[in-house]
$ cat my_file_0.cif   # mmCIF, N, CA and C atoms
data_upload
loop_
_atom_site.group_PDB
_atom_site.id
_atom_site.type_symbol
_atom_site.label_atom_id
_atom_site.label_comp_id
_atom_site.auth_asym_id
_atom_site.auth_seq_id
_atom_site.Cartn_x
_atom_site.Cartn_y
_atom_site.Cartn_z
ATOM 1 N N MET T 649 -5.125 23.355 -41.866
ATOM 2 C CA MET T 649 -3.886 23.199 -41.131
ATOM 3 C C MET T 649 -2.718 23.429 -42.091
ATOM 4 N N SER T 650 -1.802 24.289 -41.714
ATOM 5 C CA SER T 650 -0.626 24.567 -42.545
ATOM 6 C C SER T 650 0.401 23.461 -42.365
ATOM 7 N N GLU T 651 0.916 22.948 -43.483
ATOM 8 C CA GLU T 651 1.879 21.852 -43.455
ATOM 9 C C GLU T 651 3.087 22.226 -44.300
ATOM 10 N N PHE T 652 4.273 21.873 -43.801
ATOM 11 C CA PHE T 652 5.525 22.198 -44.457
ATOM 12 C C PHE T 652 6.433 20.973 -44.451
ATOM 13 N N GLU T 653 7.213 20.793 -45.512
ATOM 14 C CA GLU T 653 8.209 19.725 -45.569
ATOM 15 C C GLU T 653 9.571 20.349 -45.830
ATOM 16 N N PHE T 654 10.589 19.837 -45.130
ATOM 17 C CA PHE T 654 11.932 20.360 -45.309
ATOM 18 C C PHE T 654 12.950 19.347 -44.784
ATOM 19 N N ASP T 655 14.195 19.544 -45.167
ATOM 20 C CA ASP T 655 15.313 18.751 -44.662
ATOM 21 C C ASP T 655 16.108 19.624 -43.709
ATOM 22 N N ALA T 656 16.580 19.035 -42.613
ATOM 23 C CA ALA T 656 17.376 19.788 -41.646
ATOM 24 C C ALA T 656 18.347 18.852 -40.933
ATOM 25 N N VAL T 657 19.460 19.418 -40.508
ATOM 26 C CA VAL T 657 20.521 18.667 -39.844
ATOM 27 C C VAL T 657 20.301 18.655 -38.333
ATOM 28 N N VAL T 658 20.440 17.484 -37.720
ATOM 29 C CA VAL T 658 20.334 17.332 -36.264
ATOM 30 C C VAL T 658 21.615 17.876 -35.630
ATOM 31 N N TRP T 659 21.451 18.745 -34.615
ATOM 32 C CA TRP T 659 22.614 19.293 -33.918
ATOM 33 C C TRP T 659 22.383 19.273 -32.414
ATOM 34 N N GLN T 660 23.488 19.273 -31.683
ATOM 35 C CA GLN T 660 23.448 19.216 -30.216
ATOM 36 C C GLN T 660 23.612 20.613 -29.643
ATOM 37 N N TRP T 661 22.716 20.966 -28.740
ATOM 38 C CA TRP T 661 22.792 22.246 -28.040
ATOM 39 C C TRP T 661 23.840 22.140 -26.944
ATOM 40 N N GLN T 662 24.709 23.115 -26.880
ATOM 41 C CA GLN T 662 25.759 23.136 -25.863
ATOM 42 C C GLN T 662 25.375 24.129 -24.777
ATOM 43 N N GLY T 663 24.728 23.638 -23.728
ATOM 44 C CA GLY T 663 24.318 24.512 -22.636
ATOM 45 C C GLY T 663 25.100 24.217 -21.379
ATOM 46 N N ASP T 664 24.766 24.940 -20.336
ATOM 47 C CA ASP T 664 25.381 24.691 -19.037
ATOM 48 C C ASP T 664 24.768 23.438 -18.434
ATOM 49 N N GLY T 665 25.564 22.623 -17.807
ATOM 50 C CA GLY T 665 25.056 21.428 -17.150
ATOM 51 C C GLY T 665 25.146 20.207 -18.033
ATOM 52 N N PRO T 666 24.673 19.083 -17.479
ATOM 53 C CA PRO T 666 24.846 17.801 -18.164
ATOM 54 C C PRO T 666 23.812 17.495 -19.256
ATOM 55 N N ALA T 667 22.747 18.281 -19.355
ATOM 56 C CA ALA T 667 21.691 17.987 -20.337
ATOM 57 C C ALA T 667 22.245 18.093 -21.752
ATOM 58 N N THR T 668 21.851 17.144 -22.584
ATOM 59 C CA THR T 668 22.268 17.177 -23.986
ATOM 60 C C THR T 668 21.016 17.142 -24.863
ATOM 61 N N TRP T 669 20.606 18.307 -25.292
ATOM 62 C CA TRP T 669 19.418 18.453 -26.115
ATOM 63 C C TRP T 669 19.809 18.459 -27.575
ATOM 64 N N ARG T 670 18.948 17.883 -28.422
ATOM 65 C CA ARG T 670 19.155 17.889 -29.867
ATOM 66 C C ARG T 670 18.019 18.661 -30.525
ATOM 67 N N PHE T 671 18.378 19.377 -31.588
ATOM 68 C CA PHE T 671 17.432 20.207 -32.320
ATOM 69 C C PHE T 671 17.710 20.111 -33.810
ATOM 70 N N VAL T 672 16.767 20.616 -34.593
ATOM 71 C CA VAL T 672 17.017 20.982 -35.985
ATOM 72 C C VAL T 672 16.589 22.438 -36.117
ATOM 73 N N THR T 673 17.218 23.141 -37.036
ATOM 74 C CA THR T 673 16.889 24.540 -37.304
ATOM 75 C C THR T 673 16.007 24.599 -38.542
ATOM 76 N N LEU T 674 14.882 25.290 -38.424
ATOM 77 C CA LEU T 674 13.993 25.438 -39.571
ATOM 78 C C LEU T 674 14.618 26.377 -40.595
ATOM 79 N N PRO T 675 14.361 26.152 -41.880
ATOM 80 C CA PRO T 675 14.857 27.072 -42.907
ATOM 81 C C PRO T 675 14.340 28.489 -42.647
ATOM 82 N N PHE T 676 15.158 29.484 -43.001
ATOM 83 C CA PHE T 676 14.801 30.871 -42.722
ATOM 84 C C PHE T 676 13.482 31.282 -43.368
ATOM 85 N N ASP T 677 13.241 30.847 -44.618
ATOM 86 C CA ASP T 677 11.991 31.236 -45.284
ATOM 87 C C ASP T 677 10.786 30.613 -44.596
ATOM 88 N N LEU T 678 10.941 29.409 -44.084
ATOM 89 C CA LEU T 678 9.855 28.758 -43.354
ATOM 90 C C LEU T 678 9.611 29.458 -42.017
ATOM 91 N N THR T 679 10.682 29.855 -41.348
ATOM 92 C CA THR T 679 10.550 30.608 -40.099
ATOM 93 C C THR T 679 9.772 31.895 -40.340
ATOM 94 N N ASP T 680 10.114 32.608 -41.415
ATOM 95 C CA ASP T 680 9.401 33.852 -41.742
ATOM 96 C C ASP T 680 7.914 33.592 -41.973
ATOM 97 N N GLU T 681 7.600 32.513 -42.699
ATOM 98 C CA GLU T 681 6.201 32.191 -43.005
ATOM 99 C C GLU T 681 5.433 31.822 -41.733
ATOM 100 N N ILE T 682 6.040 30.992 -40.892
ATOM 101 C CA ILE T 682 5.385 30.604 -39.640
ATOM 102 C C ILE T 682 5.199 31.825 -38.745
ATOM 103 N N ASP T 683 6.194 32.674 -38.672
ATOM 104 C CA ASP T 683 6.086 33.887 -37.865
ATOM 105 C C ASP T 683 4.946 34.763 -38.364
ATOM 106 N N ASP T 684 4.830 34.920 -39.680
ATOM 107 C CA ASP T 684 3.738 35.713 -40.264
ATOM 108 C C ASP T 684 2.371 35.109 -39.924
ATOM 109 N N LEU T 685 2.259 33.784 -39.992
ATOM 110 C CA LEU T 685 0.980 33.109 -39.735
ATOM 111 C C LEU T 685 0.571 33.127 -38.262
ATOM 112 N N THR T 686 1.549 33.240 -37.361
ATOM 113 C CA THR T 686 1.249 33.052 -35.935
ATOM 114 C C THR T 686 1.484 34.286 -35.068
ATOM 115 N N THR T 687 1.932 35.388 -35.651
ATOM 116 C CA THR T 687 2.204 36.594 -34.866
ATOM 117 C C THR T 687 0.975 36.996 -34.061
ATOM 118 N N GLY T 688 1.215 37.266 -32.781
ATOM 119 C CA GLY T 688 0.132 37.655 -31.886
ATOM 120 C C GLY T 688 -0.602 36.471 -31.280
ATOM 121 N N ARG T 689 -0.289 35.250 -31.731
ATOM 122 C CA ARG T 689 -0.961 34.059 -31.207
ATOM 123 C C ARG T 689 0.051 33.015 -30.743
ATOM 124 N N GLN T 690 1.309 33.425 -30.590
ATOM 125 C CA GLN T 690 2.337 32.503 -30.137
ATOM 126 C C GLN T 690 2.261 32.324 -28.630
ATOM 127 N N GLY T 691 2.779 31.197 -28.157
ATOM 128 C CA GLY T 691 2.775 30.903 -26.738
ATOM 129 C C GLY T 691 3.971 31.514 -26.035
ATOM 130 N N GLY T 692 4.236 30.998 -24.831
ATOM 131 C CA GLY T 692 5.364 31.476 -24.047
ATOM 132 C C GLY T 692 6.676 31.367 -24.802
ATOM 133 N N PHE T 693 7.521 32.376 -24.640
ATOM 134 C CA PHE T 693 8.830 32.427 -25.292
ATOM 135 C C PHE T 693 8.714 32.453 -26.815
ATOM 136 N N GLY T 694 7.533 32.783 -27.351
ATOM 137 C CA GLY T 694 7.341 32.830 -28.802
ATOM 138 C C GLY T 694 7.125 31.470 -29.433
ATOM 139 N N SER T 695 6.786 30.479 -28.599
ATOM 140 C CA SER T 695 6.623 29.109 -29.092
ATOM 141 C C SER T 695 5.385 28.963 -29.966
ATOM 142 N N VAL T 696 5.444 27.970 -30.856
ATOM 143 C CA VAL T 696 4.334 27.648 -31.745
ATOM 144 C C VAL T 696 4.112 26.145 -31.678
ATOM 145 N N LYS T 697 2.882 25.730 -31.350
ATOM 146 C CA LYS T 697 2.562 24.305 -31.270
ATOM 147 C C LYS T 697 2.554 23.685 -32.659
ATOM 148 N N VAL T 698 3.178 22.497 -32.752
ATOM 149 C CA VAL T 698 3.267 21.804 -34.033
ATOM 150 C C VAL T 698 3.096 20.305 -33.833
ATOM 151 N N GLU T 699 2.757 19.634 -34.920
ATOM 152 C CA GLU T 699 2.801 18.180 -35.004
ATOM 153 C C GLU T 699 3.872 17.866 -36.037
ATOM 154 N N VAL T 700 4.758 16.943 -35.690
ATOM 155 C CA VAL T 700 5.923 16.672 -36.530
ATOM 156 C C VAL T 700 5.959 15.201 -36.905
ATOM 157 N N THR T 701 6.357 14.934 -38.154
ATOM 158 C CA THR T 701 6.590 13.564 -38.594
ATOM 159 C C THR T 701 7.992 13.480 -39.179
ATOM 160 N N VAL T 702 8.738 12.500 -38.694
ATOM 161 C CA VAL T 702 10.041 12.145 -39.247
ATOM 162 C C VAL T 702 9.987 10.648 -39.492
ATOM 163 N N GLY T 703 10.101 10.252 -40.737
ATOM 164 C CA GLY T 703 9.988 8.832 -41.063
ATOM 165 C C GLY T 703 8.621 8.306 -40.679
ATOM 166 N N ARG T 704 8.600 7.282 -39.828
ATOM 167 C CA ARG T 704 7.327 6.700 -39.372
ATOM 168 C C ARG T 704 6.898 7.211 -38.007
ATOM 169 N N THR T 705 7.615 8.199 -37.472
ATOM 170 C CA THR T 705 7.361 8.699 -36.125
ATOM 171 C C THR T 705 6.684 10.063 -36.180
ATOM 172 N N THR T 706 5.568 10.190 -35.468
ATOM 173 C CA THR T 706 4.838 11.464 -35.373
ATOM 174 C C THR T 706 4.668 11.821 -33.906
ATOM 175 N N TRP T 707 4.874 13.095 -33.575
ATOM 176 C CA TRP T 707 4.711 13.545 -32.195
ATOM 177 C C TRP T 707 4.301 15.013 -32.163
ATOM 178 N N SER T 708 3.802 15.447 -31.012
ATOM 179 C CA SER T 708 3.416 16.842 -30.801
ATOM 180 C C SER T 708 4.478 17.528 -29.966
ATOM 181 N N THR T 709 4.796 18.759 -30.340
ATOM 182 C CA THR T 709 5.805 19.543 -29.626
ATOM 183 C C THR T 709 5.588 21.003 -29.976
ATOM 184 N N SER T 710 6.583 21.822 -29.779
ATOM 185 C CA SER T 710 6.550 23.225 -30.185
ATOM 186 C C SER T 710 7.877 23.582 -30.820
ATOM 187 N N VAL T 711 7.851 24.560 -31.709
ATOM 188 C CA VAL T 711 9.078 25.165 -32.199
ATOM 189 C C VAL T 711 9.266 26.461 -31.430
ATOM 190 N N PHE T 712 10.535 26.851 -31.268
ATOM 191 C CA PHE T 712 10.880 28.020 -30.473
ATOM 192 C C PHE T 712 11.813 28.930 -31.254
ATOM 193 N N PRO T 713 11.650 30.248 -31.096
ATOM 194 C CA PRO T 713 12.602 31.146 -31.752
ATOM 195 C C PRO T 713 13.955 31.069 -31.045
ATOM 196 N N SER T 714 15.022 31.088 -31.831
ATOM 197 C CA SER T 714 16.377 31.063 -31.291
ATOM 198 C C SER T 714 17.131 32.281 -31.792
ATOM 199 N N LYS T 715 17.590 33.113 -30.868
ATOM 200 C CA LYS T 715 18.384 34.276 -31.261
ATOM 201 C C LYS T 715 19.697 33.834 -31.887
ATOM 202 N N GLU T 716 20.299 32.772 -31.339
ATOM 203 C CA GLU T 716 21.579 32.290 -31.859
ATOM 204 C C GLU T 716 21.451 31.773 -33.290
ATOM 205 N N GLN T 717 20.379 31.020 -33.565
ATOM 206 C CA GLN T 717 20.177 30.442 -34.889
ATOM 207 C C GLN T 717 19.469 31.399 -35.847
ATOM 208 N N LYS T 718 18.880 32.459 -35.286
ATOM 209 C CA LYS T 718 18.100 33.430 -36.077
ATOM 210 C C LYS T 718 16.978 32.740 -36.848
ATOM 211 N N SER T 719 16.361 31.771 -36.180
ATOM 212 C CA SER T 719 15.314 30.957 -36.799
ATOM 213 C C SER T 719 14.548 30.237 -35.693
ATOM 214 N N PHE T 720 13.470 29.556 -36.070
ATOM 215 C CA PHE T 720 12.826 28.649 -35.134
ATOM 216 C C PHE T 720 13.668 27.384 -35.048
ATOM 217 N N ILE T 721 13.671 26.759 -33.866
ATOM 218 C CA ILE T 721 14.324 25.471 -33.695
ATOM 219 C C ILE T 721 13.299 24.459 -33.206
ATOM 220 N N LEU T 722 13.512 23.208 -33.605
ATOM 221 C CA LEU T 722 12.606 22.110 -33.299
ATOM 222 C C LEU T 722 13.358 21.083 -32.449
ATOM 223 N N PRO T 723 12.882 20.806 -31.220
ATOM 224 C CA PRO T 723 13.544 19.781 -30.413
ATOM 225 C C PRO T 723 13.323 18.390 -31.006
ATOM 226 N N MET T 724 14.388 17.593 -31.010
ATOM 227 C CA MET T 724 14.335 16.225 -31.531
ATOM 228 C C MET T 724 14.508 15.259 -30.362
ATOM 229 N N LYS T 725 13.394 14.680 -29.921
ATOM 230 C CA LYS T 725 13.402 13.770 -28.783
ATOM 231 C C LYS T 725 14.303 12.564 -29.036
ATOM 232 N N ALA T 726 14.907 12.063 -27.961
ATOM 233 C CA ALA T 726 15.783 10.893 -28.053
ATOM 234 C C ALA T 726 15.039 9.696 -28.642
ATOM 235 N N ALA T 727 13.791 9.507 -28.248
ATOM 236 C CA ALA T 727 13.016 8.361 -28.744
ATOM 237 C C ALA T 727 12.825 8.449 -30.262
ATOM 238 N N VAL T 728 12.631 9.649 -30.776
ATOM 239 C CA VAL T 728 12.473 9.841 -32.221
ATOM 240 C C VAL T 728 13.791 9.555 -32.928
ATOM 241 N N ARG T 729 14.869 10.125 -32.404
ATOM 242 C CA ARG T 729 16.182 9.908 -33.022
ATOM 243 C C ARG T 729 16.528 8.420 -33.045
ATOM 244 N N LYS T 730 16.241 7.731 -31.963
ATOM 245 C CA LYS T 730 16.535 6.296 -31.896
ATOM 246 C C LYS T 730 15.664 5.520 -32.891
ATOM 247 N N ALA T 731 14.364 5.803 -32.904
ATOM 248 C CA ALA T 731 13.436 5.087 -33.785
ATOM 249 C C ALA T 731 13.775 5.302 -35.261
ATOM 250 N N GLU T 732 14.280 6.477 -35.594
ATOM 251 C CA GLU T 732 14.554 6.809 -36.993
ATOM 252 C C GLU T 732 16.034 6.709 -37.348
ATOM 253 N N GLY T 733 16.854 6.265 -36.391
ATOM 254 C CA GLY T 733 18.278 6.064 -36.663
ATOM 255 C C GLY T 733 19.028 7.349 -36.958
ATOM 256 N N LEU T 734 18.685 8.437 -36.251
ATOM 257 C CA LEU T 734 19.313 9.736 -36.480
ATOM 258 C C LEU T 734 20.363 10.042 -35.418
ATOM 259 N N ALA T 735 21.498 10.536 -35.858
ATOM 260 C CA ALA T 735 22.570 10.953 -34.963
ATOM 261 C C ALA T 735 22.928 12.404 -35.271
ATOM 262 N N ASP T 736 23.739 13.010 -34.411
ATOM 263 C CA ASP T 736 24.201 14.375 -34.646
ATOM 264 C C ASP T 736 24.830 14.470 -36.032
ATOM 265 N N GLY T 737 24.452 15.505 -36.777
ATOM 266 C CA GLY T 737 24.996 15.714 -38.109
ATOM 267 C C GLY T 737 24.208 15.065 -39.229
ATOM 268 N N ASP T 738 23.272 14.174 -38.876
ATOM 269 C CA ASP T 738 22.427 13.539 -39.886
ATOM 270 C C ASP T 738 21.357 14.517 -40.373
ATOM 271 N N THR T 739 20.942 14.350 -41.611
ATOM 272 C CA THR T 739 19.868 15.157 -42.174
ATOM 273 C C THR T 739 18.563 14.382 -42.077
ATOM 274 N N ALA T 740 17.543 15.039 -41.539
ATOM 275 C CA ALA T 740 16.218 14.434 -41.387
ATOM 276 C C ALA T 740 15.238 15.097 -42.345
ATOM 277 N N ARG T 741 14.353 14.298 -42.934
ATOM 278 C CA ARG T 741 13.243 14.810 -43.735
ATOM 279 C C ARG T 741 12.086 15.010 -42.778
ATOM 280 N N ILE T 742 11.592 16.244 -42.668
ATOM 281 C CA ILE T 742 10.622 16.607 -41.637
ATOM 282 C C ILE T 742 9.348 17.142 -42.276
ATOM 283 N N THR T 743 8.213 16.651 -41.775
ATOM 284 C CA THR T 743 6.915 17.240 -42.100
ATOM 285 C C THR T 743 6.418 17.892 -40.830
ATOM 286 N N LEU T 744 6.121 19.182 -40.912
ATOM 287 C CA LEU T 744 5.703 19.973 -39.760
ATOM 288 C C LEU T 744 4.347 20.579 -40.042
ATOM 289 N N ARG T 745 3.420 20.398 -39.120
ATOM 290 C CA ARG T 745 2.069 20.933 -39.243
ATOM 291 C C ARG T 745 1.797 21.862 -38.066
ATOM 292 N N LEU T 746 1.316 23.064 -38.366
ATOM 293 C CA LEU T 746 0.929 23.986 -37.300
ATOM 294 C C LEU T 746 -0.337 23.479 -36.642
ATOM 295 N N VAL T 747 -0.396 23.564 -35.334
ATOM 296 C CA VAL T 747 -1.553 23.126 -34.563
ATOM 297 C C VAL T 747 -2.285 24.373 -34.066
ATOM 298 N N ASP T 748 -3.582 24.405 -34.234
ATOM 299 C CA ASP T 748 -4.424 25.524 -33.786
ATOM 300 C C ASP T 748 -4.218 26.798 -34.588
ATOM 301 N N PHE T 749 -3.621 26.701 -35.777
ATOM 302 C CA PHE T 749 -3.440 27.858 -36.665
ATOM 303 C C PHE T 749 -3.915 27.438 -38.056
ATOM 304 N N THR T 750 -5.099 27.887 -38.448
ATOM 305 C CA THR T 750 -5.602 27.522 -39.766
ATOM 306 C C THR T 750 -5.634 28.728 -40.676
#
$ encode --input "my_file_0.cif" --output "structure tokens"
Amino acid sequence: MSEFEFDAVVWQWQGDGPATWRFVTLPFDLTDEIDDLTTGRQGGFGSVKVEVTVGRTTWSTSVFPSKEQKSFILPMKAAVRKAEGLADGDTARITLRLVDFT
């Protein structure tokens, strides 16, 4: 299982409607590496299944390519942000593991 550690800033997506989603942007070099490892095996919208740990919280999700960010983005669930005391603009230490890609 491929595992990566990095720091990233929590940011709020500004979309249409009342939904307020939070994400972190993966470093460009990490995005390139994940893309190389998963090309041809990505899910819908280019998604890649991952297991993520921030602090003491671990969860399963997917990273998605973002044209605006020119990188993969990782959704940060409200429950995770609350449990780890993260707000918009805070930097999180993230451990990301690819799922089903060895």
$ closest_residue --input "my_file_0.cif" --among "T:Met724, T:Thr743, T:Val698, T:Pro713" --to "Phe676 (chain T)" --atoms "only C-alpha atoms"
T:Pro713
$ residues_around --input "my_file_0.cif" --residues "Ser695 (chain T)" --least-positions-apart "6" --cutoff "6 Å" --atoms "all atoms listed in the file" --output "JSON, numbers by chain"
{"T": [710, 711, 712, 713]}
$ atom_distance --input "my_file_0.cif" --atom1 "atom C of Val696 (chain T)" --atom2 "atom N of Leu746 (chain T)"
7.9 Å
$ select_by_dssp --input "my_file_0.cif" --residues "region 709-739 of chain T" --states "strand (DSSP E or B)" --output "list of chain:residue names"
T:Thr709, T:Ser710, T:Val711, T:Phe712, T:Pro713, T:Ser714, T:Ser719, T:Phe720, T:Ile721, T:Leu722, T:Pro723, T:Thr739
$ resolve_selection --input "my_file_0.cif" --expression "the PyMOL selection byres ((chain T and resi 702) around 8)" --output "ChimeraX atom specification"
/T:699-701,703-707,728,731-732,740-744
$ closest_residue --input "my_file_0.cif" --among "T:Asp738, T:Lys730, T:Ala656, T:Asp748" --to "Thr673 (chain T)" --atoms "all atoms listed in the file"
T:Ala656
$ resolve_selection --input "my_file_0.cif" --expression "the PyMOL selection byres (((chain T and resi 657 and name CA) around 12) and name CA)" --output "PDB file with N, CA and C atoms, in the coordinates of the input"
ATOM      1  N   PHE T 654      10.589  19.837 -45.130  1.00  0.00           N
ATOM      2  CA  PHE T 654      11.932  20.360 -45.309  1.00  0.00           C
ATOM      3  C   PHE T 654      12.950  19.347 -44.784  1.00  0.00           C
ATOM      4  N   ASP T 655      14.195  19.544 -45.167  1.00  0.00           N
ATOM      5  CA  ASP T 655      15.313  18.751 -44.662  1.00  0.00           C
ATOM      6  C   ASP T 655      16.108  19.624 -43.709  1.00  0.00           C
ATOM      7  N   ALA T 656      16.580  19.035 -42.613  1.00  0.00           N
ATOM      8  CA  ALA T 656      17.376  19.788 -41.646  1.00  0.00           C
ATOM      9  C   ALA T 656      18.347  18.852 -40.933  1.00  0.00           C
ATOM     10  N   VAL T 658      20.440  17.484 -37.720  1.00  0.00           N
ATOM     11  CA  VAL T 658      20.334  17.332 -36.264  1.00  0.00           C
ATOM     12  C   VAL T 658      21.615  17.876 -35.630  1.00  0.00           C
ATOM     13  N   TRP T 659      21.451  18.745 -34.615  1.00  0.00           N
ATOM     14  CA  TRP T 659      22.614  19.293 -33.918  1.00  0.00           C
ATOM     15  C   TRP T 659      22.383  19.273 -32.414  1.00  0.00           C
ATOM     16  N   GLN T 660      23.488  19.273 -31.683  1.00  0.00           N
ATOM     17  CA  GLN T 660      23.448  19.216 -30.216  1.00  0.00           C
ATOM     18  C   GLN T 660      23.612  20.613 -29.643  1.00  0.00           C
ATOM     19  N   ARG T 670      18.948  17.883 -28.422  1.00  0.00           N
ATOM     20  CA  ARG T 670      19.155  17.889 -29.867  1.00  0.00           C
ATOM     21  C   ARG T 670      18.019  18.661 -30.525  1.00  0.00           C
ATOM     22  N   PHE T 671      18.378  19.377 -31.588  1.00  0.00           N
ATOM     23  CA  PHE T 671      17.432  20.207 -32.320  1.00  0.00           C
ATOM     24  C   PHE T 671      17.710  20.111 -33.810  1.00  0.00           C
ATOM     25  N   VAL T 672      16.767  20.616 -34.593  1.00  0.00           N
ATOM     26  CA  VAL T 672      17.017  20.982 -35.985  1.00  0.00           C
ATOM     27  C   VAL T 672      16.589  22.438 -36.117  1.00  0.00           C
ATOM     28  N   THR T 673      17.218  23.141 -37.036  1.00  0.00           N
ATOM     29  CA  THR T 673      16.889  24.540 -37.304  1.00  0.00           C
ATOM     30  C   THR T 673      16.007  24.599 -38.542  1.00  0.00           C
ATOM     31  N   LEU T 674      14.882  25.290 -38.424  1.00  0.00           N
ATOM     32  CA  LEU T 674      13.993  25.438 -39.571  1.00  0.00           C
ATOM     33  C   LEU T 674      14.618  26.377 -40.595  1.00  0.00           C
ATOM     34  N   PRO T 675      14.361  26.152 -41.880  1.00  0.00           N
ATOM     35  CA  PRO T 675      14.857  27.072 -42.907  1.00  0.00           C
ATOM     36  C   PRO T 675      14.340  28.489 -42.647  1.00  0.00           C
ATOM     37  N   ILE T 721      13.671  26.759 -33.866  1.00  0.00           N
ATOM     38  CA  ILE T 721      14.324  25.471 -33.695  1.00  0.00           C
ATOM     39  C   ILE T 721      13.299  24.459 -33.206  1.00  0.00           C
ATOM     40  N   LEU T 722      13.512  23.208 -33.605  1.00  0.00           N
ATOM     41  CA  LEU T 722      12.606  22.110 -33.299  1.00  0.00           C
ATOM     42  C   LEU T 722      13.358  21.083 -32.449  1.00  0.00           C
ATOM     43  N   PRO T 723      12.882  20.806 -31.220  1.00  0.00           N
ATOM     44  CA  PRO T 723      13.544  19.781 -30.413  1.00  0.00           C
ATOM     45  C   PRO T 723      13.323  18.390 -31.006  1.00  0.00           C
ATOM     46  N   MET T 724      14.388  17.593 -31.010  1.00  0.00           N
ATOM     47  CA  MET T 724      14.335  16.225 -31.531  1.00  0.00           C
ATOM     48  C   MET T 724      14.508  15.259 -30.362  1.00  0.00           C
ATOM     49  N   ARG T 729      14.869  10.125 -32.404  1.00  0.00           N
ATOM     50  CA  ARG T 729      16.182   9.908 -33.022  1.00  0.00           C
ATOM     51  C   ARG T 729      16.528   8.420 -33.045  1.00  0.00           C
ATOM     52  N   LEU T 734      18.685   8.437 -36.251  1.00  0.00           N
ATOM     53  CA  LEU T 734      19.313   9.736 -36.480  1.00  0.00           C
ATOM     54  C   LEU T 734      20.363  10.042 -35.418  1.00  0.00           C
ATOM     55  N   ALA T 735      21.498  10.536 -35.858  1.00  0.00           N
ATOM     56  CA  ALA T 735      22.570  10.953 -34.963  1.00  0.00           C
ATOM     57  C   ALA T 735      22.928  12.404 -35.271  1.00  0.00           C
ATOM     58  N   ASP T 736      23.739  13.010 -34.411  1.00  0.00           N
ATOM     59  CA  ASP T 736      24.201  14.375 -34.646  1.00  0.00           C
ATOM     60  C   ASP T 736      24.830  14.470 -36.032  1.00  0.00           C
ATOM     61  N   GLY T 737      24.452  15.505 -36.777  1.00  0.00           N
ATOM     62  CA  GLY T 737      24.996  15.714 -38.109  1.00  0.00           C
ATOM     63  C   GLY T 737      24.208  15.065 -39.229  1.00  0.00           C
ATOM     64  N   ASP T 738      23.272  14.174 -38.876  1.00  0.00           N
ATOM     65  CA  ASP T 738      22.427  13.539 -39.886  1.00  0.00           C
ATOM     66  C   ASP T 738      21.357  14.517 -40.373  1.00  0.00           C
ATOM     67  N   THR T 739      20.942  14.350 -41.611  1.00  0.00           N
ATOM     68  CA  THR T 739      19.868  15.157 -42.174  1.00  0.00           C
ATOM     69  C   THR T 739      18.563  14.382 -42.077  1.00  0.00           C
ATOM     70  N   ALA T 740      17.543  15.039 -41.539  1.00  0.00           N
ATOM     71  CA  ALA T 740      16.218  14.434 -41.387  1.00  0.00           C
ATOM     72  C   ALA T 740      15.238  15.097 -42.345  1.00  0.00           C
ATOM     73  N   ARG T 741      14.353  14.298 -42.934  1.00  0.00           N
ATOM     74  CA  ARG T 741      13.243  14.810 -43.735  1.00  0.00           C
ATOM     75  C   ARG T 741      12.086  15.010 -42.778  1.00  0.00           C
ATOM     76  N   ILE T 742      11.592  16.244 -42.668  1.00  0.00           N
ATOM     77  CA  ILE T 742      10.622  16.607 -41.637  1.00  0.00           C
ATOM     78  C   ILE T 742       9.348  17.142 -42.276  1.00  0.00           C
TER      79      ILE T 742
END
$ atom_distance --input "my_file_0.cif" --atom1 "CA of Gln690 (chain T)" --atom2 "CA of Trp669 (chain T)"
22.5 Å
$ atom_distance --input "my_file_0.cif" --atom1 "atom N of Glu716 (chain T)" --atom2 "atom C of Gln662 (chain T)"
12.0 Å
